[in-house]
Amino acid sequence: MREISDHWARKAKQEGYPARSVYKLKEIEEKFGVLPQRGLVLDLGASPGSWTLFVLRHREGRCAVVAADLAPLDLRPAPEGLVFHQGDICESSLRLMLETEGPYDTLLSDAAPSTTGNRTVDTARSEALVGEVLEIARGALKPGGACVVKIFQGSGQKRIMDGMKKIFATVKAFKPKACRSESFETYFIGQNKIGGKR
Ligand SMILES: C[S@@+](CC[C@H](N)C(=O)[O-])C[C@H]1O[C@@H](n2cnc3c(N)ncnc32)[C@H](O)[C@@H]1O
């Protein structure tokens, strides 16, 4: 299975992406069509920047991206159409800034806590992060907008799914092939945000 991982990492390098995670978003986009034809995309937990770069390349000047992460991006030169904020998406000052720069057509979150190896702890941290992401989706995503959020599979996933169903007309779980087989991450995809701020 590590051979398959290496395949994705090699391919990412050849195609100029800083991380193999780009193929997860590519597969999600091919299956669900979450990106707007033109508009504004918010990318949370964006470092080193593969998802951001994919959006900008895929929509070639028709989509701009606002991105945020604790760590800097590894995109040089900085691509056109990108605004990046280094900081914690759980902090109110950054949240306020992200809301002010919206509203967004699509929210992407590949944000994940650094793992401890203790699945209960890691899953609880991931759930807390997803809760923050969904608050941002409520406040900053346009009606009709879409949201992709990474979750660590665990006891709280039904609660997250139920919470997303109150925000989006459809919500699906999807695990891209590019996820490492041993990983317990998956993605929830919400589409067609209902109404305005709820
Ligand atoms: C798997 S990486 C994202 C990879 C990225 N999608 C790409 O394709 O390059 C997860 C990121 O989530 C970020 N992260 C975790 N907690 C965060 C938080 N509270 N605020 C901002 N970023 C966070 C980490 O710093 C890390 O860079």
# chains A, B, ... in the order shown; residues from 1 in each chain; ligands from 1

$ residues_near_ligand --ligand "ligand 1" --cutoff "7 Å" --atoms "only C-alpha atoms and all ligand atoms" --output "list in words"
Pro18, Ala19, Ser21, Val22, Leu44, Gly45, Ala46, Ser47, Pro48, Gly49, Ser50, Trp51, Ala68, Asp69, Leu70, Ala71, Gly87, Asp88, Ile89, Cys90, Asp110, Ala111, Ala112, Pro113, Ser114 and Leu129 of chain A

$ write_last_selection --atoms "C-alpha atoms" --output "CSV table (one decimal), in the first residue's frame"
chain,number,residue,atom,x,y,z
A,18,PRO,CA,3.5,20.5,-2.8
A,19,ALA,CA,1.5,17.5,-1.5
A,21,SER,CA,-3.4,15.4,-1.0
A,22,VAL,CA,-4.3,17.3,-4.2
A,44,LEU,CA,-9.1,26.1,5.6
A,45,GLY,CA,-6.0,24.1,6.8
A,46,ALA,CA,-4.5,24.9,3.4
A,47,SER,CA,-0.8,24.3,4.0
A,48,PRO,CA,1.4,23.4,2.1
A,49,GLY,CA,-1.1,24.5,-0.6
A,50,SER,CA,-2.0,21.7,-3.0
A,51,TRP,CA,-5.8,22.2,-2.7
A,68,ALA,CA,-5.7,30.0,6.1
A,69,ASP,CA,-3.4,27.7,8.1
A,70,LEU,CA,-1.3,27.6,11.2
A,71,ALA,CA,1.7,27.0,8.9
A,87,GLY,CA,-3.3,31.7,12.0
A,88,ASP,CA,-5.6,29.5,14.0
A,89,ILE,CA,-9.1,29.1,12.4
A,90,CYS,CA,-10.5,28.6,16.0
A,110,ASP,CA,-8.6,19.6,4.9
A,111,ALA,CA,-7.7,20.9,8.4
A,112,ALA,CA,-6.5,18.2,10.7
A,113,PRO,CA,-5.1,18.3,14.2
A,114,SER,CA,-1.5,17.0,14.7
A,129,LEU,CA,-12.0,21.5,14.6

$ select_by_dssp --residues "stretch 8-65 of chain A" --states "helix (DSSP H, G or I)" --output "ChimeraX atom specification"
/A:8-14,22-32,50-59

$ atom_distance --atom1 "atom CA of A:Val148" --atom2 "atom CA of A:Leu107"
6.4 Å

$ residues_around --residues "stretch 31-42 of chain A" --least-positions-apart "5" --cutoff "6 Å" --atoms "only C-alpha atoms" --output "ChimeraX atom specification"
/A:62-67,104-107,146

$ select_by_dssp --residues "chain A" --states "strand (DSSP E)" --output "ChimeraX atom specification"
/A:39-44,63-69,82-86,104-109,141-152,168-174,185-193

$ write_last_selection --atoms "C-alpha atoms" --output "CSV table (one decimal), in the first residue's frame"
chain,number,residue,atom,x,y,z
A,39,GLY,CA,-16.3,32.9,-7.6
A,40,LEU,CA,-14.6,32.7,-4.3
A,41,VAL,CA,-13.3,29.6,-2.5
A,42,LEU,CA,-12.2,29.4,1.2
A,43,ASP,CA,-9.5,26.8,1.9
A,44,LEU,CA,-9.1,26.1,5.6
A,63,CYS,CA,-11.9,31.6,-9.0
A,64,ALA,CA,-10.0,33.4,-6.3
A,65,VAL,CA,-9.0,31.7,-3.0
A,66,VAL,CA,-8.8,32.9,0.5
A,67,ALA,CA,-6.7,30.4,2.5
A,68,ALA,CA,-5.7,30.0,6.1
A,69,ASP,CA,-3.4,27.7,8.1
A,82,LEU,CA,-4.8,34.1,-3.6
A,83,VAL,CA,-5.1,35.8,-0.2
A,84,PHE,CA,-3.4,33.8,2.7
A,85,HIS,CA,-3.8,34.3,6.4
A,86,GLN,CA,-1.4,32.5,8.8
A,104,TYR,CA,-17.8,32.2,-0.3
A,105,ASP,CA,-19.2,29.9,-3.0
A,106,THR,CA,-17.3,26.9,-1.6
A,107,LEU,CA,-15.6,26.1,1.6
A,108,LEU,CA,-12.9,23.4,1.6
A,109,SER,CA,-11.4,22.1,4.9
A,141,LEU,CA,-20.9,30.5,2.9
A,142,LYS,CA,-23.4,31.7,0.4
A,143,PRO,CA,-26.9,30.1,0.2
A,144,GLY,CA,-26.5,27.3,-2.4
A,145,GLY,CA,-22.8,26.9,-1.5
A,146,ALA,CA,-20.8,23.7,-1.0
A,147,CYS,CA,-18.5,22.5,1.7
A,148,VAL,CA,-15.9,19.7,1.9
A,149,VAL,CA,-14.7,18.9,5.3
A,150,LYS,CA,-12.2,16.3,6.5
A,151,ILE,CA,-13.3,14.2,9.5
A,152,PHE,CA,-11.6,11.5,11.5
A,168,PHE,CA,-27.0,21.6,3.5
A,169,ALA,CA,-29.7,20.1,1.3
A,170,THR,CA,-27.5,17.0,0.6
A,171,VAL,CA,-24.6,15.6,2.6
A,172,LYS,CA,-22.5,12.6,1.5
A,173,ALA,CA,-19.5,10.8,3.0
A,174,PHE,CA,-16.7,9.9,0.6
A,185,GLU,CA,-9.9,10.1,7.7
A,186,THR,CA,-12.8,10.6,5.4
A,187,TYR,CA,-14.6,13.6,3.9
A,188,PHE,CA,-18.2,14.9,4.3
A,189,ILE,CA,-19.5,16.8,1.4
A,190,GLY,CA,-22.4,19.2,1.9
A,191,GLN,CA,-24.0,20.8,-1.1
A,192,ASN,CA,-26.7,23.4,-1.7
A,193,LYS,CA,-26.5,25.4,1.5

$ atom_distance --atom1 "atom CA of A:Gly81" --atom2 "atom CA of A:Gly16"
17.7 Å

$ decode --residues "stretch 10-49 of chain A" --atoms "N, CA and C atoms" --output "CSV table (one decimal), in the first residue's frame"
chain,number,residue,atom,x,y,z
A,10,ARG,N,4.8,10.9,-6.0
A,10,ARG,CA,5.6,11.2,-7.2
A,10,ARG,C,4.8,12.0,-8.2
A,11,LYS,N,3.6,11.6,-8.4
A,11,LYS,CA,2.7,12.3,-9.4
A,11,LYS,C,2.6,13.8,-9.0
A,12,ALA,N,2.4,14.0,-7.7
A,12,ALA,CA,2.2,15.4,-7.2
A,12,ALA,C,3.5,16.2,-7.5
A,13,LYS,N,4.6,15.6,-7.3
A,13,LYS,CA,5.9,16.3,-7.5
A,13,LYS,C,6.0,16.6,-9.0
A,14,GLN,N,5.7,15.6,-9.8
A,14,GLN,CA,5.8,15.9,-11.3
A,14,GLN,C,4.9,17.0,-11.8
A,15,GLU,N,3.7,17.1,-11.1
A,15,GLU,CA,2.7,18.1,-11.6
A,15,GLU,C,2.9,19.4,-10.9
A,16,GLY,N,3.9,19.5,-10.0
A,16,GLY,CA,4.2,20.8,-9.3
A,16,GLY,C,3.3,21.1,-8.1
A,17,TYR,N,2.7,20.1,-7.5
A,17,TYR,CA,1.9,20.3,-6.3
A,17,TYR,C,2.8,20.0,-5.1
A,18,PRO,N,2.7,20.7,-4.0
A,18,PRO,CA,3.5,20.5,-2.8
A,18,PRO,C,3.1,19.2,-2.0
A,19,ALA,N,1.9,18.7,-2.3
A,19,ALA,CA,1.5,17.5,-1.5
A,19,ALA,C,0.6,16.6,-2.3
A,20,ARG,N,0.6,15.3,-2.0
A,20,ARG,CA,-0.2,14.3,-2.6
A,20,ARG,C,-1.7,14.5,-2.4
A,21,SER,N,-2.0,15.3,-1.3
A,21,SER,CA,-3.4,15.4,-1.0
A,21,SER,C,-4.2,16.1,-2.1
A,22,VAL,N,-3.6,16.7,-3.1
A,22,VAL,CA,-4.3,17.3,-4.2
A,22,VAL,C,-5.2,16.2,-4.9
A,23,TYR,N,-4.8,15.0,-4.9
A,23,TYR,CA,-5.6,14.0,-5.6
A,23,TYR,C,-6.9,13.6,-4.9
A,24,LYS,N,-6.9,13.9,-3.6
A,24,LYS,CA,-8.2,13.7,-2.9
A,24,LYS,C,-9.2,14.7,-3.4
A,25,LEU,N,-8.8,16.0,-3.4
A,25,LEU,CA,-9.7,17.1,-3.9
A,25,LEU,C,-10.1,16.8,-5.4
A,26,LYS,N,-9.1,16.4,-6.2
A,26,LYS,CA,-9.4,16.2,-7.6
A,26,LYS,C,-10.5,15.2,-7.7
A,27,GLU,N,-10.4,14.1,-7.0
A,27,GLU,CA,-11.4,13.0,-7.0
A,27,GLU,C,-12.8,13.5,-6.5
A,28,ILE,N,-12.7,14.3,-5.4
A,28,ILE,CA,-14.0,14.8,-4.9
A,28,ILE,C,-14.6,15.8,-5.9
A,29,GLU,N,-13.8,16.6,-6.6
A,29,GLU,CA,-14.4,17.5,-7.6
A,29,GLU,C,-15.0,16.7,-8.8
A,30,GLU,N,-14.2,15.7,-9.2
A,30,GLU,CA,-14.8,14.9,-10.4
A,30,GLU,C,-16.1,14.2,-10.0
A,31,LYS,N,-16.2,13.8,-8.8
A,31,LYS,CA,-17.4,13.0,-8.4
A,31,LYS,C,-18.6,14.0,-8.0
A,32,PHE,N,-18.3,15.1,-7.3
A,32,PHE,CA,-19.4,15.9,-6.8
A,32,PHE,C,-19.5,17.3,-7.4
A,33,GLY,N,-18.4,17.8,-8.1
A,33,GLY,CA,-18.5,19.1,-8.7
A,33,GLY,C,-18.8,20.2,-7.6
A,34,VAL,N,-17.8,20.3,-6.7
A,34,VAL,CA,-18.0,21.2,-5.6
A,34,VAL,C,-17.5,22.6,-5.8
A,35,LEU,N,-16.7,22.8,-6.9
A,35,LEU,CA,-16.1,24.1,-7.1
A,35,LEU,C,-17.1,24.9,-8.0
A,36,PRO,N,-17.2,26.2,-7.7
A,36,PRO,CA,-18.0,27.1,-8.6
A,36,PRO,C,-17.3,27.3,-9.9
A,37,GLN,N,-18.1,27.6,-11.0
A,37,GLN,CA,-17.5,27.9,-12.3
A,37,GLN,C,-16.7,29.1,-12.2
A,38,ARG,N,-17.2,30.1,-11.4
A,38,ARG,CA,-16.4,31.3,-11.1
A,38,ARG,C,-16.8,31.8,-9.7
A,39,GLY,N,-15.9,32.4,-9.0
A,39,GLY,CA,-16.3,32.9,-7.6
A,39,GLY,C,-15.2,32.8,-6.6
A,40,LEU,N,-15.5,32.6,-5.4
A,40,LEU,CA,-14.6,32.7,-4.3
A,40,LEU,C,-14.6,31.4,-3.4
A,41,VAL,N,-13.4,30.9,-3.2
A,41,VAL,CA,-13.3,29.6,-2.5
A,41,VAL,C,-12.5,29.9,-1.2
A,42,LEU,N,-13.0,29.4,-0.1
A,42,LEU,CA,-12.2,29.4,1.2
A,42,LEU,C,-11.6,28.1,1.5
A,43,ASP,N,-10.3,28.1,1.7
A,43,ASP,CA,-9.5,26.8,1.9
A,43,ASP,C,-8.9,26.9,3.3
A,44,LEU,N,-9.5,26.1,4.2
A,44,LEU,CA,-9.1,26.1,5.6
A,44,LEU,C,-8.1,24.9,5.9
A,45,GLY,N,-7.0,25.1,6.6
A,45,GLY,CA,-6.0,24.1,6.8
A,45,GLY,C,-5.4,23.8,5.5
A,46,ALA,N,-4.9,24.9,4.8
A,46,ALA,CA,-4.5,24.9,3.4
A,46,ALA,C,-3.1,24.5,3.2
A,47,SER,N,-2.2,24.6,4.2
A,47,SER,CA,-0.8,24.3,4.0
A,47,SER,C,-0.5,22.9,3.7
A,48,PRO,N,0.4,22.5,2.8
A,48,PRO,CA,1.4,23.4,2.1
A,48,PRO,C,0.8,24.1,0.9
A,49,GLY,N,-0.5,23.7,0.5
A,49,GLY,CA,-1.1,24.5,-0.6
A,49,GLY,C,-1.6,23.8,-1.8
